[in-house]
file start-v4.pdb (PDB, C-alpha atoms)
ATOM      1  CA  MET C   1      69.769  15.477  -6.650
ATOM      2  CA  THR C   2      66.618  16.954  -5.080
ATOM      3  CA  ASP C   3      65.043  16.299  -1.699
ATOM      4  CA  LEU C   4      62.154  13.879  -1.512
ATOM      5  CA  PHE C   5      60.375  16.399   0.713
ATOM      6  CA  ALA C   6      61.100  19.829   2.180
ATOM      7  CA  PRO C   7      63.353  19.506   5.250
ATOM      8  CA  ARG C   8      62.014  20.626   8.590
ATOM      9  CA  PRO C   9      63.095  24.199   9.435
ATOM     10  CA  THR C  10      66.027  24.573  11.825
ATOM     11  CA  PRO C  11      64.917  25.675  15.314
ATOM     12  CA  ARG C  12      66.238  29.107  16.268
ATOM     13  CA  LEU C  13      66.624  30.925  19.566
ATOM     14  CA  ALA C  14      66.415  34.660  20.096
ATOM     15  CA  LEU C  15      69.467  36.598  21.235
ATOM     16  CA  ASP C  16      68.844  39.128  23.974
ATOM     17  CA  GLY C  17      69.422  42.649  22.615
ATOM     18  CA  ASP C  18      70.508  41.381  19.188
ATOM     19  CA  SER C  19      68.533  41.111  15.944
ATOM     20  CA  ARG C  20      70.271  37.870  14.963
ATOM     21  CA  SER C  21      69.187  34.380  16.037
ATOM     22  CA  PHE C  22      70.982  31.226  17.134
ATOM     23  CA  PRO C  23      70.328  28.176  14.875
ATOM     24  CA  VAL C  24      70.154  24.987  16.924
ATOM     25  CA  ASN C  25      72.144  21.972  15.775
ATOM     26  CA  ARG C  26      72.059  19.404  18.614
ATOM     27  CA  ILE C  27      71.131  19.355  22.299
ATOM     28  CA  PHE C  28      73.471  17.714  24.781
ATOM     29  CA  CYS C  29      72.300  17.321  28.379
ATOM     30  CA  ILE C  30      74.153  16.494  31.567
ATOM     31  CA  GLY C  31      72.546  14.686  34.457
ATOM     32  CA  ARG C  32      73.678  14.543  38.086
ATOM     33  CA  ASN C  33      75.823  17.673  37.783
ATOM     34  CA  TYR C  34      74.573  18.980  41.148
ATOM     35  CA  ALA C  35      75.245  16.687  44.101
ATOM     36  CA  ASP C  36      72.001  17.585  45.883
ATOM     37  CA  HIS C  37      69.912  16.639  42.838
ATOM     38  CA  ALA C  38      71.789  13.355  42.422
ATOM     39  CA  ALA C  39      71.047  12.601  46.075
ATOM     40  CA  GLU C  40      67.332  13.299  45.739
ATOM     41  CA  MET C  41      67.233  10.947  42.733
ATOM     42  CA  GLY C  42      69.022   8.231  44.713
ATOM     43  CA  ALA C  43      71.995   8.266  42.342
ATOM     44  CA  ALA C  44      75.716   8.792  42.672
ATOM     45  CA  ALA C  45      76.960  12.352  42.117
ATOM     46  CA  GLU C  46      78.623  11.321  38.880
ATOM     47  CA  PRO C  47      77.741  13.420  35.807
ATOM     48  CA  ILE C  48      76.197  11.499  32.897
ATOM     49  CA  PHE C  49      75.352  12.592  29.352
ATOM     50  CA  PHE C  50      72.273  12.158  27.174
ATOM     51  CA  MET C  51      70.747  13.980  24.207
ATOM     52  CA  LYS C  52      67.536  15.535  22.990
ATOM     53  CA  PRO C  53      66.757  16.213  19.316
ATOM     54  CA  ALA C  54      67.036  19.817  18.157
ATOM     55  CA  HIS C  55      63.292  19.997  17.670
ATOM     56  CA  SER C  56      62.743  19.460  21.397
ATOM     57  CA  VAL C  57      63.452  23.204  21.707
ATOM     58  CA  ILE C  58      60.411  25.365  22.238
ATOM     59  CA  THR C  59      60.079  29.089  22.889
ATOM     60  CA  GLY C  60      57.140  31.261  23.816
ATOM     61  CA  ALA C  61      54.609  31.485  26.605
ATOM     62  CA  ALA C  62      52.765  28.192  25.973
ATOM     63  CA  VAL C  63      54.276  24.707  26.229
ATOM     64  CA  PRO C  64      52.101  21.645  25.525
ATOM     65  CA  TYR C  65      51.792  19.014  28.228
ATOM     66  CA  PRO C  66      53.151  15.840  26.604
ATOM     67  CA  PRO C  67      51.169  12.630  26.026
ATOM     68  CA  GLN C  68      51.736   9.273  27.708
ATOM     69  CA  THR C  69      52.698  10.603  31.134
ATOM     70  CA  ALA C  70      51.102  11.266  34.486
ATOM     71  CA  ASP C  71      54.286  12.555  36.129
ATOM     72  CA  LEU C  72      55.940  15.390  34.217
ATOM     73  CA  HIS C  73      58.852  16.999  36.116
ATOM     74  CA  HIS C  74      60.628  20.356  35.772
ATOM     75  CA  GLU C  75      64.431  20.775  35.890
ATOM     76  CA  VAL C  76      65.829  24.324  35.585
ATOM     77  CA  GLU C  77      69.230  24.473  33.879
ATOM     78  CA  MET C  78      71.747  26.952  32.489
ATOM     79  CA  VAL C  79      71.947  26.410  28.730
ATOM     80  CA  LEU C  80      75.293  26.898  26.997
ATOM     81  CA  ALA C  81      75.316  27.839  23.297
ATOM     82  CA  LEU C  82      78.340  26.949  21.178
ATOM     83  CA  GLY C  83      79.803  28.894  18.254
ATOM     84  CA  PRO C  84      82.709  28.163  15.896
ATOM     85  CA  GLY C  85      85.466  26.129  17.479
ATOM     86  CA  ALA C  86      83.003  24.777  20.056
ATOM     87  CA  GLU C  87      83.474  27.941  22.110
ATOM     88  CA  ILE C  88      80.682  29.057  24.437
ATOM     89  CA  ILE C  89      79.375  32.237  22.828
ATOM     90  CA  ALA C  90      76.101  32.661  24.728
ATOM     91  CA  SER C  91      74.032  31.230  27.561
ATOM     92  CA  GLY C  92      70.457  31.259  28.740
ATOM     93  CA  THR C  93      67.821  29.738  30.990
ATOM     94  CA  GLY C  94      66.207  26.441  30.076
ATOM     95  CA  VAL C  95      63.969  23.796  31.589
ATOM     96  CA  ASP C  96      64.477  20.096  30.949
ATOM     97  CA  LEU C  97      60.973  18.611  31.049
ATOM     98  CA  THR C  98      61.011  14.925  31.959
ATOM     99  CA  ARG C  99      58.343  12.241  31.766
ATOM    100  CA  ARG C 100      59.560  10.825  35.059
ATOM    101  CA  ASP C 101      57.233   7.834  35.110
ATOM    102  CA  LEU C 102      58.420   6.675  31.691
ATOM    103  CA  GLN C 103      62.050   7.323  32.590
ATOM    104  CA  ALA C 104      61.632   5.220  35.753
ATOM    105  CA  GLN C 105      60.093   2.369  33.772
ATOM    106  CA  MET C 106      63.054   2.307  31.414
ATOM    107  CA  LYS C 107      65.536   2.467  34.297
ATOM    108  CA  GLU C 108      63.909  -0.596  35.852
ATOM    109  CA  LYS C 109      64.486  -2.450  32.577
ATOM    110  CA  ARG C 110      68.045  -1.090  32.322
ATOM    111  CA  ALA C 111      66.982   0.272  28.939
ATOM    112  CA  PRO C 112      67.586   3.647  27.254
ATOM    113  CA  TRP C 113      65.201   6.323  28.505
ATOM    114  CA  GLU C 114      64.754   8.638  25.507
ATOM    115  CA  ILE C 115      60.976   8.348  25.848
ATOM    116  CA  GLY C 116      61.303  10.109  29.186
ATOM    117  CA  LYS C 117      63.516  12.928  27.925
ATOM    118  CA  ALA C 118      63.608  13.338  24.132
ATOM    119  CA  PHE C 119      60.022  14.228  23.264
ATOM    120  CA  THR C 120      58.607  17.210  21.372
ATOM    121  CA  ALA C 121      58.688  20.512  23.324
ATOM    122  CA  SER C 122      60.722  18.963  26.153
ATOM    123  CA  ALA C 123      63.299  21.775  26.115
ATOM    124  CA  PRO C 124      61.832  25.248  26.730
ATOM    125  CA  VAL C 125      64.595  27.862  26.387
ATOM    126  CA  GLY C 126      64.537  31.613  26.918
ATOM    127  CA  PRO C 127      66.530  34.237  25.007
ATOM    128  CA  LEU C 128      70.280  33.695  24.943
ATOM    129  CA  ARG C 129      72.717  36.353  26.139
ATOM    130  CA  LEU C 130      75.965  36.716  24.195
ATOM    131  CA  GLY C 131      79.204  36.492  26.136
ATOM    132  CA  PRO C 132      80.726  34.088  28.658
ATOM    133  CA  PRO C 133      78.308  32.298  30.999
ATOM    134  CA  PRO C 134      78.079  33.318  34.651
ATOM    135  CA  LYS C 135      80.220  31.208  36.978
ATOM    136  CA  THR C 136      78.211  31.835  40.125
ATOM    137  CA  GLY C 137      74.770  33.125  40.980
ATOM    138  CA  ALA C 138      71.303  31.931  41.866
ATOM    139  CA  ILE C 139      69.468  29.389  39.722
ATOM    140  CA  THR C 140      65.790  29.134  40.661
ATOM    141  CA  LEU C 141      62.415  27.820  39.540
ATOM    142  CA  SER C 142      58.922  28.438  40.852
ATOM    143  CA  VAL C 143      55.538  26.999  39.890
ATOM    144  CA  ASN C 144      52.477  29.233  40.247
ATOM    145  CA  GLY C 145      54.564  31.546  42.408
ATOM    146  CA  GLU C 146      55.719  28.783  44.786
ATOM    147  CA  SER C 147      59.480  28.236  45.013
ATOM    148  CA  ARG C 148      60.533  24.735  43.963
ATOM    149  CA  GLN C 149      64.236  24.860  43.054
ATOM    150  CA  SER C 150      66.940  27.111  44.459
ATOM    151  CA  GLY C 151      70.681  26.672  44.049
ATOM    152  CA  ASP C 152      73.858  28.366  42.884
ATOM    153  CA  LEU C 153      75.780  27.818  39.662
ATOM    154  CA  LYS C 154      78.974  27.342  41.687
ATOM    155  CA  GLN C 155      77.507  24.048  42.957
ATOM    156  CA  MET C 156      77.973  22.399  39.551
ATOM    157  CA  ILE C 157      80.317  19.414  39.740
ATOM    158  CA  LEU C 158      81.520  20.133  36.206
ATOM    159  CA  PRO C 159      81.476  23.899  35.510
ATOM    160  CA  PRO C 160      81.115  25.019  31.878
ATOM    161  CA  ALA C 161      84.775  24.760  30.810
ATOM    162  CA  GLU C 162      85.200  21.296  32.327
ATOM    163  CA  LEU C 163      81.847  20.241  30.889
ATOM    164  CA  ILE C 164      83.018  21.169  27.388
ATOM    165  CA  ASP C 165      86.249  19.223  27.927
ATOM    166  CA  ALA C 166      84.359  16.144  29.100
ATOM    167  CA  LEU C 167      81.871  16.186  26.218
ATOM    168  CA  SER C 168      84.669  16.739  23.696
ATOM    169  CA  ARG C 169      86.162  13.376  24.610
ATOM    170  CA  TYR C 170      83.141  11.655  23.117
ATOM    171  CA  PHE C 171      81.634  14.054  20.568
ATOM    172  CA  ASP C 172      82.808  16.477  17.904
ATOM    173  CA  LEU C 173      81.113  19.574  19.286
ATOM    174  CA  ALA C 174      80.136  22.174  16.712
ATOM    175  CA  GLU C 175      78.542  25.563  16.276
ATOM    176  CA  GLY C 176      74.826  25.485  16.963
ATOM    177  CA  ASP C 177      75.090  22.891  19.724
ATOM    178  CA  LEU C 178      73.302  23.546  23.007
ATOM    179  CA  ILE C 179      74.321  22.070  26.346
ATOM    180  CA  PHE C 180      71.880  21.797  29.248
ATOM    181  CA  SER C 181      74.300  21.912  32.194
ATOM    182  CA  GLY C 182      72.359  20.184  34.973
ATOM    183  CA  THR C 183      69.810  21.039  37.645
ATOM    184  CA  PRO C 184      69.856  21.618  41.420
ATOM    185  CA  ALA C 185      67.595  19.775  43.875
ATOM    186  CA  GLY C 186      63.862  20.369  44.107
ATOM    187  CA  VAL C 187      62.564  18.767  40.914
ATOM    188  CA  ALA C 188      58.862  17.963  41.130
ATOM    189  CA  ALA C 189      55.731  17.395  39.092
ATOM    190  CA  VAL C 190      53.850  19.994  37.078
ATOM    191  CA  SER C 191      50.339  19.830  35.643
ATOM    192  CA  PRO C 192      48.405  21.409  32.764
ATOM    193  CA  GLY C 193      47.628  25.027  33.622
ATOM    194  CA  ASP C 194      50.714  25.476  35.802
ATOM    195  CA  THR C 195      52.900  28.513  35.147
ATOM    196  CA  VAL C 196      56.632  27.896  35.425
ATOM    197  CA  GLU C 197      59.079  30.736  36.106
ATOM    198  CA  ALA C 198      62.793  29.959  35.810
ATOM    199  CA  GLY C 199      65.654  32.366  36.449
ATOM    200  CA  ILE C 200      69.437  32.493  36.521
ATOM    201  CA  ALA C 201      71.320  35.511  37.856
ATOM    202  CA  GLY C 202      72.685  37.583  34.982
ATOM    203  CA  LEU C 203      70.611  35.882  32.278
ATOM    204  CA  PRO C 204      67.147  36.471  30.780
ATOM    205  CA  SER C 205      64.393  34.675  32.651
ATOM    206  CA  LEU C 206      62.007  32.077  31.221
ATOM    207  CA  THR C 207      58.264  31.885  31.883
ATOM    208  CA  PHE C 208      55.728  29.529  30.317
ATOM    209  CA  THR C 209      52.389  27.889  31.025
ATOM    210  CA  LEU C 210      51.662  24.210  30.383
ATOM    211  CA  THR C 211      48.679  23.725  28.120
ATOM    212  CA  GLY C 212      46.476  20.749  27.303
ATOM    213  CA  ALA C 213      46.523  17.377  29.000
TER     214      ALA C 213
END
call {"tool": "encode", "arguments": {"input": "start-v4.pdb", "output": "structure tokens"}}
result
Amino acid sequence: MTDLFAPRPTPRLALDGDSRSFPVNRIFCIGRNYADHAAEMGAAAEPIFFMKPAHSVITGAAVPYPPQTADLHHEVEMVLALGPGAEIIASGTGVDLTRRDLQAQMKEKRAPWEIGKAFTASAPVGPLRLGPPPKTGAITLSVNGESRQSGDLKQMILPPAELIDALSRYFDLAEGDLIFSGTPAGVAAVSPGDTVEAGIAGLPSLTFTLTGA
């Protein structure tokens, strides 16, 4: 049996200091994993899960501003990369871009909010670093040189090992899966032309500029 059309190529992430790449399978995300961010969103500090398609991943210095929004928000997050046996084999810096206005509309209707989260290029990710993820250290984001988010990985309600355990209750985690592990307080809007710089202590940084409108 042959394919009706050529399948879309698998997204891949660079590995820091390694010639190999990491093929992306699925993207799991956790919300409300930092109490201060949950508070600023007016929500209980109770971690929740949602997903983005693999092709939400984008790398490089330019990220397109998505359509159908006037309120795009940044959320810096440590990204966990899973290998065989659903073990964390690498980690990196990512930004969960959110069409906050569309997400809010769906919340008002008590409806799923994929249109606010699961769009093309909504998951910029920097190079991954092989090895266990850092347990503590600064997690920061600035826009055009102005500090927006500043926290510490130790503030996570569910740290990486507990996060894997919690997700495993509901999903068969597999190699190639990515997990966005939550964001600290300070999320805010970004506009076309803005340059975003995200950093996590011990991991490669991530810098990109929003293009278009």
call {"tool": "closest_residue", "arguments": {"input": "start-v4.pdb", "among": "C:Glu46, C:Leu128, C:Thr120, C:Ile27", "to": "Pro66 of chain C", "atoms": "all atoms listed in the file"}}
result
C:Thr120
call {"tool": "closest_residue", "arguments": {"input": "start-v4.pdb", "among": "C:Lys135, C:Arg12, C:His73, C:Lys107", "to": "Gly186 of chain C", "atoms": "only C-alpha atoms"}}
result
C:His73
call {"tool": "closest_residue", "arguments": {"input": "start-v4.pdb", "among": "C:Gln155, C:Thr136, C:Ser191, C:Ser21", "to": "Tyr65 of chain C", "atoms": "all atoms listed in the file"}}
result
C:Ser191
call {"tool": "closest_residue", "arguments": {"input": "start-v4.pdb", "among": "C:Pro159, C:Pro112, C:Pro9, C:Pro67", "to": "Phe180 of chain C", "atoms": "only C-alpha atoms"}}
result
C:Pro159
call {"tool": "closest_residue", "arguments": {"input": "start-v4.pdb", "among": "C:Val187, C:Pro127, C:Ala86, C:Pro134", "to": "Leu72 of chain C", "atoms": "all atoms listed in the file"}}
result
C:Val187
call {"tool": "resolve_selection", "arguments": {"input": "start-v4.pdb", "expression": "the PyMOL selection byres ((chain C and resi 17) around 12)", "output": "short mmCIF file (atom, residue, chain, number, x, y, z; two decimals) with C-alpha atoms, keeping the file's coordinate frame"}}
result
data_model
loop_
_atom_site.label_atom_id
_atom_site.label_comp_id
_atom_site.auth_asym_id
_atom_site.auth_seq_id
_atom_site.Cartn_x
_atom_site.Cartn_y
_atom_site.Cartn_z
CA ALA C 14 66.42 34.66 20.10
CA LEU C 15 69.47 36.60 21.24
CA ASP C 16 68.84 39.13 23.97
CA ASP C 18 70.51 41.38 19.19
CA SER C 19 68.53 41.11 15.94
CA ARG C 20 70.27 37.87 14.96
CA SER C 21 69.19 34.38 16.04
CA PRO C 127 66.53 34.24 25.01
CA LEU C 128 70.28 33.70 24.94
CA ARG C 129 72.72 36.35 26.14
CA LEU C 130 75.96 36.72 24.20
CA LEU C 203 70.61 35.88 32.28
CA PRO C 204 67.15 36.47 30.78
#
call {"tool": "atom_distance", "arguments": {"input": "start-v4.pdb", "atom1": "atom CA of Ser150 of chain C", "atom2": "atom CA of Lys52 of chain C"}}
result
24.4 Å
